[in-house]
>>> print(open('input.cif').read())   # mmCIF, C-alpha atoms
data_final
#
loop_
_atom_site.label_atom_id
_atom_site.label_comp_id
_atom_site.auth_asym_id
_atom_site.auth_seq_id
_atom_site.Cartn_x
_atom_site.Cartn_y
_atom_site.Cartn_z
CA MET A 1 2.37 45.40 85.76
CA PHE A 2 0.11 46.47 88.60
CA HIS A 3 -3.59 45.76 88.04
CA ARG A 4 -6.35 47.24 90.16
CA SER A 5 -8.85 44.81 91.61
CA PRO A 6 -12.57 45.24 90.76
CA ILE A 7 -13.25 46.32 94.34
CA GLN A 8 -10.66 49.11 94.08
CA SER A 9 -12.12 50.32 90.78
CA ILE A 10 -15.66 50.28 92.18
CA THR A 11 -14.50 52.18 95.28
CA ARG A 12 -12.69 54.83 93.23
CA HIS A 13 -15.62 55.34 90.87
CA GLY A 14 -18.02 55.41 93.80
CA MET A 15 -15.99 58.16 95.47
CA LEU A 16 -15.89 60.16 92.23
CA ILE A 17 -19.65 59.84 91.82
CA LEU A 18 -20.19 60.94 95.43
CA LEU A 19 -17.92 63.97 95.01
CA CYS A 20 -19.72 64.92 91.78
CA ILE A 21 -23.08 64.74 93.55
CA LEU A 22 -21.78 66.91 96.41
CA ALA A 23 -20.47 69.47 93.90
CA VAL A 24 -23.60 69.60 91.74
CA PHE A 25 -26.23 69.37 94.49
CA PRO A 26 -26.03 73.06 95.59
CA LEU A 27 -26.59 74.13 91.98
CA TYR A 28 -29.54 71.77 91.67
CA TRP A 29 -31.02 73.05 94.95
CA MET A 30 -30.61 76.64 93.75
CA VAL A 31 -32.55 75.95 90.54
CA ASN A 32 -35.09 73.84 92.43
CA SER A 33 -35.71 76.63 94.96
CA SER A 34 -36.07 79.22 92.19
CA LEU A 35 -39.07 77.28 90.85
CA LYS A 36 -40.90 77.06 94.19
CA ASN A 37 -43.48 79.49 95.52
CA GLU A 38 -43.09 81.22 98.88
CA SER A 39 -45.18 78.65 100.76
CA GLU A 40 -43.04 75.79 99.47
CA ILE A 41 -39.60 77.37 99.58
CA PHE A 42 -38.70 76.02 103.03
CA THR A 43 -39.85 72.47 102.36
CA SER A 44 -37.28 69.73 101.78
CA SER A 45 -38.92 68.42 98.59
CA PHE A 46 -36.49 67.61 95.82
CA PHE A 47 -38.97 68.78 93.16
CA PRO A 48 -41.43 71.69 93.26
CA HIS A 49 -45.02 70.44 93.47
CA LYS A 50 -46.28 73.41 91.47
CA PRO A 51 -43.37 74.84 89.46
CA THR A 52 -43.63 78.55 88.85
CA PHE A 53 -41.58 81.10 86.94
CA GLY A 54 -42.99 83.91 89.03
CA ASN A 55 -39.71 84.27 90.89
CA TYR A 56 -37.89 84.92 87.61
CA THR A 57 -40.52 87.42 86.52
CA TYR A 58 -40.25 89.26 89.83
CA ALA A 59 -36.43 89.22 89.70
CA PHE A 60 -36.37 90.75 86.21
CA THR A 61 -38.96 93.32 87.28
CA GLU A 62 -37.25 94.46 90.48
CA MET A 63 -33.66 94.18 89.28
CA PRO A 64 -32.12 95.45 86.00
CA ILE A 65 -30.50 92.09 85.34
CA VAL A 66 -29.55 92.72 81.71
CA ARG A 67 -27.89 96.06 82.49
CA MET A 68 -26.07 94.59 85.48
CA ALA A 69 -24.95 91.59 83.41
CA PHE A 70 -23.33 93.98 80.93
CA ASN A 71 -21.71 95.78 83.88
CA SER A 72 -20.32 92.48 85.17
CA PHE A 73 -18.96 91.57 81.74
CA GLY A 74 -17.42 95.01 81.30
CA VAL A 75 -15.80 95.01 84.74
CA SER A 76 -14.51 91.44 84.38
CA ILE A 77 -13.08 92.01 80.90
CA MET A 78 -11.40 95.29 81.87
CA MET A 79 -9.91 93.76 85.03
CA THR A 80 -8.63 90.75 83.12
CA LEU A 81 -7.06 92.77 80.29
CA LEU A 82 -5.42 95.24 82.68
CA GLN A 83 -4.07 92.47 84.90
CA LEU A 84 -2.67 90.57 81.93
CA ALA A 85 -1.07 93.71 80.45
CA THR A 86 0.61 94.80 83.68
CA SER A 87 1.62 91.24 84.55
CA LEU A 88 3.24 90.62 81.17
CA LEU A 89 5.34 93.78 81.47
CA ALA A 90 6.29 93.20 85.11
CA ALA A 91 7.13 89.51 84.66
CA TYR A 92 9.27 90.21 81.59
CA ALA A 93 11.16 92.99 83.41
CA LEU A 94 11.83 90.77 86.43
CA VAL A 95 13.05 87.88 84.28
CA ARG A 96 15.12 89.67 81.64
CA TRP A 97 16.45 92.89 83.17
CA ARG A 98 19.25 93.07 85.69
CA PHE A 99 19.15 96.04 88.03
CA ARG A 100 19.98 96.91 91.61
CA GLY A 101 17.27 95.97 94.09
CA LYS A 102 15.63 93.42 91.82
CA GLY A 103 15.60 90.75 94.53
CA LEU A 104 14.14 93.17 97.06
CA ILE A 105 11.38 94.21 94.64
CA PHE A 106 10.53 90.59 93.93
CA SER A 107 10.43 89.80 97.66
CA ILE A 108 8.15 92.76 98.42
CA LEU A 109 5.94 91.81 95.49
CA SER A 110 5.64 88.26 96.79
CA LEU A 111 4.79 89.47 100.29
CA THR A 112 1.96 91.67 99.00
CA TRP A 113 0.19 88.50 97.91
CA LEU A 114 -0.18 87.61 101.60
CA ILE A 115 -1.90 90.91 102.46
CA PRO A 116 -5.72 90.57 102.36
CA PHE A 117 -7.53 93.14 100.27
CA GLN A 118 -9.70 94.12 103.25
CA SER A 119 -6.65 95.67 104.96
CA VAL A 120 -6.10 98.15 102.10
CA MET A 121 -9.74 98.61 101.14
CA ILE A 122 -10.23 101.89 103.04
CA PRO A 123 -7.10 103.62 101.58
CA ASN A 124 -8.21 102.47 98.11
CA TYR A 125 -11.69 103.84 98.72
CA VAL A 126 -10.28 107.22 99.79
CA LEU A 127 -8.09 107.34 96.67
CA VAL A 128 -10.92 106.37 94.32
CA ASN A 129 -13.21 108.93 95.97
CA ASP A 130 -10.57 111.68 95.65
CA LEU A 131 -10.20 110.84 91.95
CA GLY A 132 -13.94 111.29 91.49
CA LEU A 133 -14.43 107.68 90.42
CA ASN A 134 -16.91 106.73 93.13
CA ASP A 135 -20.03 105.00 91.76
CA SER A 136 -18.37 104.19 88.43
CA LEU A 137 -17.18 101.05 86.67
CA LEU A 138 -13.66 102.48 86.43
CA GLY A 139 -13.62 102.93 90.20
CA ILE A 140 -14.39 99.22 90.58
CA VAL A 141 -11.68 98.19 88.10
CA LEU A 142 -8.81 100.53 89.04
CA PRO A 143 -7.64 98.90 92.33
CA PHE A 144 -7.57 95.50 90.57
CA SER A 145 -5.53 96.60 87.56
CA VAL A 146 -2.48 94.76 88.95
CA SER A 147 -2.49 91.17 90.21
CA THR A 148 0.43 89.73 92.16
CA PHE A 149 -0.84 86.23 91.45
CA ALA A 150 -0.72 86.90 87.71
CA ILE A 151 2.76 88.44 87.88
CA LEU A 152 4.22 85.50 89.82
CA SER A 153 2.50 83.00 87.53
CA LEU A 154 3.90 84.59 84.37
CA TYR A 155 7.28 85.03 86.05
CA GLN A 156 7.54 81.27 86.48
CA SER A 157 6.45 80.72 82.89
CA PHE A 158 8.90 83.25 81.45
CA GLN A 159 11.75 81.80 83.49
CA SER A 160 11.31 78.45 81.76
CA PHE A 161 11.35 80.09 78.31
CA PRO A 162 14.54 79.11 76.38
CA GLY A 163 17.09 81.87 76.88
CA VAL A 164 18.89 80.89 73.68
CA LEU A 165 15.95 82.11 71.61
CA ILE A 166 15.91 85.47 73.39
CA GLU A 167 19.68 85.90 72.95
CA ALA A 168 19.36 85.10 69.24
CA ALA A 169 16.60 87.69 68.94
CA GLN A 170 18.76 90.29 70.67
CA ILE A 171 21.64 89.55 68.29
CA ASP A 172 19.22 90.09 65.38
CA GLY A 173 18.51 93.56 66.78
CA MET A 174 15.06 93.00 68.23
CA SER A 175 14.02 95.36 71.03
CA ASP A 176 12.62 94.17 74.36
CA TRP A 177 9.12 95.12 73.23
CA SER A 178 9.49 93.08 70.04
CA ILE A 179 10.89 90.11 71.96
CA LEU A 180 7.94 90.20 74.32
CA THR A 181 5.20 90.71 71.73
CA ARG A 182 6.59 88.74 68.78
CA LEU A 183 8.52 85.94 70.48
CA ILE A 184 7.47 85.24 74.08
CA ILE A 185 3.72 85.96 73.99
CA PRO A 186 2.98 83.85 70.86
CA ASN A 187 4.87 80.90 72.36
CA THR A 188 3.21 81.16 75.79
CA ARG A 189 -0.31 82.05 74.67
CA SER A 190 -1.80 78.88 76.20
CA THR A 191 -0.43 79.87 79.61
CA ILE A 192 -1.62 83.46 79.18
CA ALA A 193 -5.07 82.27 78.08
CA SER A 194 -5.36 79.93 81.06
CA LEU A 195 -4.38 82.72 83.41
CA GLY A 196 -6.86 85.07 81.75
CA ILE A 197 -9.70 82.59 82.33
CA LEU A 198 -8.84 82.35 86.02
CA GLN A 199 -8.64 86.12 86.41
CA PHE A 200 -11.96 86.59 84.58
CA ILE A 201 -13.73 84.15 86.92
CA ASN A 202 -12.23 85.87 89.97
CA ALA A 203 -13.31 89.28 88.66
CA TRP A 204 -16.84 88.02 87.94
CA ASN A 205 -17.20 86.72 91.50
CA GLU A 206 -15.86 89.89 93.15
CA TYR A 207 -18.39 91.25 95.63
CA LEU A 208 -16.97 93.24 98.55
CA TRP A 209 -15.24 96.06 96.64
CA PRO A 210 -18.06 96.62 94.09
CA MET A 211 -20.52 96.73 96.98
CA LEU A 212 -18.50 99.56 98.52
CA ILE A 213 -18.10 101.57 95.30
CA ALA A 214 -21.38 101.04 93.44
CA LYS A 215 -24.09 103.33 94.78
CA SER A 216 -26.65 102.86 92.01
CA MET A 217 -27.89 99.89 90.03
CA ASP A 218 -26.70 101.53 86.78
CA HIS A 219 -23.05 101.01 87.79
CA ALA A 220 -23.36 97.79 89.80
CA PRO A 221 -22.50 94.24 88.71
CA LEU A 222 -24.89 91.33 89.06
CA GLN A 223 -23.60 90.19 92.43
CA ILE A 224 -24.54 93.52 94.03
CA GLY A 225 -28.10 93.31 92.72
CA LEU A 226 -28.68 90.13 94.70
CA ARG A 227 -28.82 92.25 97.87
CA LEU A 228 -32.19 93.59 96.75
CA PHE A 229 -33.88 90.36 97.80
CA VAL A 230 -32.35 90.18 101.31
CA ASN A 231 -33.11 92.85 103.91
CA SER A 232 -34.00 93.23 107.56
CA ASP A 233 -37.77 93.11 106.92
CA THR A 234 -38.18 90.15 104.62
CA ASN A 235 -36.09 87.74 102.59
CA LEU A 236 -37.37 86.80 99.14
CA TRP A 237 -35.51 83.53 98.84
CA GLY A 238 -37.32 82.34 95.72
CA SER A 239 -36.54 85.52 93.80
CA LEU A 240 -33.00 85.50 95.18
CA MET A 241 -32.45 81.97 93.90
CA ALA A 242 -33.90 82.96 90.53
CA ALA A 243 -31.59 85.98 90.21
CA THR A 244 -28.62 83.89 91.37
CA THR A 245 -29.42 81.24 88.76
CA VAL A 246 -29.45 83.89 86.04
CA SER A 247 -26.15 85.34 87.30
CA CYS A 248 -24.53 81.90 87.12
CA LEU A 249 -25.59 81.24 83.51
CA PRO A 250 -22.83 83.33 81.81
CA ILE A 251 -20.07 81.57 83.76
CA LEU A 252 -21.72 78.21 83.05
CA LEU A 253 -21.83 79.03 79.34
CA ILE A 254 -18.18 80.08 79.38
CA TYR A 255 -17.29 76.83 81.12
CA LEU A 256 -19.16 74.73 78.57
CA LEU A 257 -17.38 76.50 75.71
CA LEU A 258 -13.91 76.57 77.31
CA ARG A 259 -14.02 73.63 79.71
CA ARG A 260 -10.74 72.15 78.46
CA GLN A 261 -8.90 75.47 78.87
CA ILE A 262 -10.46 76.03 82.31
CA VAL A 263 -9.37 72.61 83.54
CA ASP A 264 -5.92 73.28 82.13
CA SER A 265 -5.78 76.62 83.96
CA PHE A 266 -6.45 74.92 87.31
CA VAL A 267 -3.82 72.29 86.52
CA ARG A 268 -1.27 74.99 85.65
CA PHE A 269 -1.82 77.39 88.51
CA GLY A 270 -3.77 75.45 91.13
CA ILE A 271 -6.94 76.62 92.85
CA LYS A 272 -6.45 80.12 94.14
#
>>> encode(input="input.cif", output="structure tokens")
Amino acid sequence: MFHRSPIQSITRHGMLILLCILAVFPLYWMVNSSLKNESEIFTSSFFPHKPTFGNYTYAFTEMPIVRMAFNSFGVSIMMTLLQLATSLLAAYALVRWRFRGKGLIFSILSLTWLIPFQSVMIPNYVLVNDLGLNDSLLGIVLPFSVSTFAILSLYQSFQSFPGVLIEAAQIDGMSDWSILTRLIIPNTRSTIASLGILQFINAWNEYLWPMLIAKSMDHAPLQIGLRLFVNSDTNLWGSLMAATTVSCLPILLIYLLLRRQIVDSFVRFGIK
């Protein structure tokens, strides 16, 4: 049996500690900067000499953080549910149904994953504007109601599902809808949950499209509100760091509650 030497173990643990420090340090610096006053914000001190919560007070005064947090939650939940619903139906159809052009459809679907969203952003904006959904939460959600990443992920999962069970269900007279909802989904719920967590985090961090659609703070997510503290005249870095810290708290709370499922989701699907 191969045994690691003490030097190898120390080296490995030292590298892990260093990587953890590099990962956590930006978060620490964000919180540290949010507690500094304007005269101290550009200093390299690791601790504020005179900690102040004035930046948080100013951020909550100038920016409707609570309202925008609800907007972010609403947008993220709607995006996630729509993406899961459309992906479940599409993946099941591609795996179970046999029809002409199936391979071509799958190939085109796979190729769309390589197209950056920026290249179709203007046509989407024109469509959303024509539908009268500009400056609305639905206008932010609609272009993201389908996710190629989610479809391909569930396609791989459904392909590995035992076909014998599906054939037995068909013999018993179950419809495709019953097979999907009563057989496949209950037995792949861990995969679906992991995918849902990934899609929720991606939706929460979305910035470019909401910035284009949201015209008022009443229909804007948290990430858009952070622009209030950066402009051509002056940059309020302390208040920006305070607002950013607040915007990170929901995701941090979700991670603390679902850390095992989140780690499992990255193991299953990789880092997007």
>>> residues_around(input="input.cif", residues="Met30 in chain A", least_positions_apart="5", cutoff="9 Å", atoms="only C-alpha atoms", output="list in words")
Phe25, Leu35, Met241, Ala242, Thr244 and Thr245 of chain A
>>> axis_aligned_box(input="input.cif", around="range 46-57 of chain A", padding_each_side="4 Å", output="AutoDock Vina command-line options")
--center_x -41.4 --center_y 77.5 --center_z 91.2 --size_x 17.8 --size_y 27.8 --size_z 17.3
>>> closest_residue(input="input.cif", among="A:Tyr58, A:Ile7, A:Ile151, A:Val126", to="Gly139 in chain A", atoms="all atoms listed in the file")
A:Val126
>>> residues_around(input="input.cif", residues="Val141 in chain A", least_positions_apart="2", cutoff="7 Å", atoms="only C-alpha atoms", output="list in words")
Val75, Met78, Met79, Leu137, Leu138, Gly139, Pro143, Phe144 and Ser145 of chain A
>>> resolve_selection(input="input.cif", expression="the PyMOL selection byres ((chain A and resi 41) around 12)", output="ChimeraX atom specification")
/A:29-40,42-52,55,235-241
>>> build_atoms(input="input.cif", residues="range 42-71 of chain A", atoms="N, CA and C atoms", output="CSV table (one decimal), in the frame of the given file")
chain,number,residue,atom,x,y,z
A,42,PHE,N,-39.4,76.6,101.9
A,42,PHE,CA,-38.7,76.0,103.0
A,42,PHE,C,-39.0,74.5,103.2
A,43,THR,N,-39.7,73.9,102.3
A,43,THR,CA,-39.8,72.5,102.4
A,43,THR,C,-38.6,71.8,101.8
A,44,SER,N,-38.5,70.5,102.2
A,44,SER,CA,-37.3,69.7,101.8
A,44,SER,C,-37.6,68.9,100.5
A,45,SER,N,-38.6,69.2,99.8
A,45,SER,CA,-38.9,68.4,98.6
A,45,SER,C,-37.9,68.6,97.5
A,46,PHE,N,-37.5,67.6,96.8
A,46,PHE,CA,-36.5,67.6,95.8
A,46,PHE,C,-37.0,68.1,94.5
A,47,PHE,N,-38.3,68.2,94.4
A,47,PHE,CA,-39.0,68.8,93.2
A,47,PHE,C,-40.1,69.7,93.6
A,48,PRO,N,-40.3,70.8,92.9
A,48,PRO,CA,-41.4,71.7,93.3
A,48,PRO,C,-42.7,71.0,92.8
A,49,HIS,N,-43.7,71.0,93.8
A,49,HIS,CA,-45.0,70.4,93.5
A,49,HIS,C,-45.8,71.2,92.4
A,50,LYS,N,-45.7,72.5,92.5
A,50,LYS,CA,-46.3,73.4,91.5
A,50,LYS,C,-45.2,74.4,91.0
A,51,PRO,N,-44.4,74.0,90.0
A,51,PRO,CA,-43.4,74.8,89.5
A,51,PRO,C,-43.9,76.2,89.0
A,52,THR,N,-43.2,77.2,89.3
A,52,THR,CA,-43.6,78.6,88.8
A,52,THR,C,-42.4,79.4,88.4
A,53,PHE,N,-42.6,80.2,87.4
A,53,PHE,CA,-41.6,81.1,86.9
A,53,PHE,C,-41.8,82.5,87.5
A,54,GLY,N,-42.7,82.6,88.4
A,54,GLY,CA,-43.0,83.9,89.0
A,54,GLY,C,-41.8,84.6,89.7
A,55,ASN,N,-40.9,83.7,90.3
A,55,ASN,CA,-39.7,84.3,90.9
A,55,ASN,C,-38.8,84.9,89.9
A,56,TYR,N,-38.7,84.3,88.7
A,56,TYR,CA,-37.9,84.9,87.6
A,56,TYR,C,-38.5,86.2,87.1
A,57,THR,N,-39.8,86.2,87.0
A,57,THR,CA,-40.5,87.4,86.5
A,57,THR,C,-40.3,88.6,87.5
A,58,TYR,N,-40.4,88.2,88.8
A,58,TYR,CA,-40.2,89.3,89.8
A,58,TYR,C,-38.8,89.8,89.9
A,59,ALA,N,-37.8,88.8,89.7
A,59,ALA,CA,-36.4,89.2,89.7
A,59,ALA,C,-36.1,90.2,88.6
A,60,PHE,N,-36.6,89.9,87.3
A,60,PHE,CA,-36.4,90.8,86.2
A,60,PHE,C,-37.1,92.1,86.3
A,61,THR,N,-38.2,92.1,87.1
A,61,THR,CA,-39.0,93.3,87.3
A,61,THR,C,-38.3,94.2,88.3
A,62,GLU,N,-37.8,93.7,89.4
A,62,GLU,CA,-37.2,94.5,90.5
A,62,GLU,C,-35.8,94.8,90.3
A,63,MET,N,-35.1,94.0,89.4
A,63,MET,CA,-33.7,94.2,89.3
A,63,MET,C,-33.3,94.3,87.8
A,64,PRO,N,-32.5,95.3,87.4
A,64,PRO,CA,-32.1,95.4,86.0
A,64,PRO,C,-31.0,94.4,85.6
A,65,ILE,N,-31.5,93.2,85.5
A,65,ILE,CA,-30.5,92.1,85.3
A,65,ILE,C,-29.7,92.2,84.1
A,66,VAL,N,-30.3,92.6,83.0
A,66,VAL,CA,-29.6,92.7,81.7
A,66,VAL,C,-28.5,93.8,81.8
A,67,ARG,N,-28.9,95.0,82.3
A,67,ARG,CA,-27.9,96.1,82.5
A,67,ARG,C,-26.8,95.6,83.4
A,68,MET,N,-27.1,95.0,84.5
A,68,MET,CA,-26.1,94.6,85.5
A,68,MET,C,-25.2,93.5,84.9
A,69,ALA,N,-25.8,92.6,84.1
A,69,ALA,CA,-25.0,91.6,83.4
A,69,ALA,C,-23.9,92.2,82.5
A,70,PHE,N,-24.3,93.3,81.8
A,70,PHE,CA,-23.3,94.0,80.9
A,70,PHE,C,-22.3,94.7,81.8
A,71,ASN,N,-22.7,95.2,83.0
A,71,ASN,CA,-21.7,95.8,83.9
A,71,ASN,C,-20.7,94.7,84.4
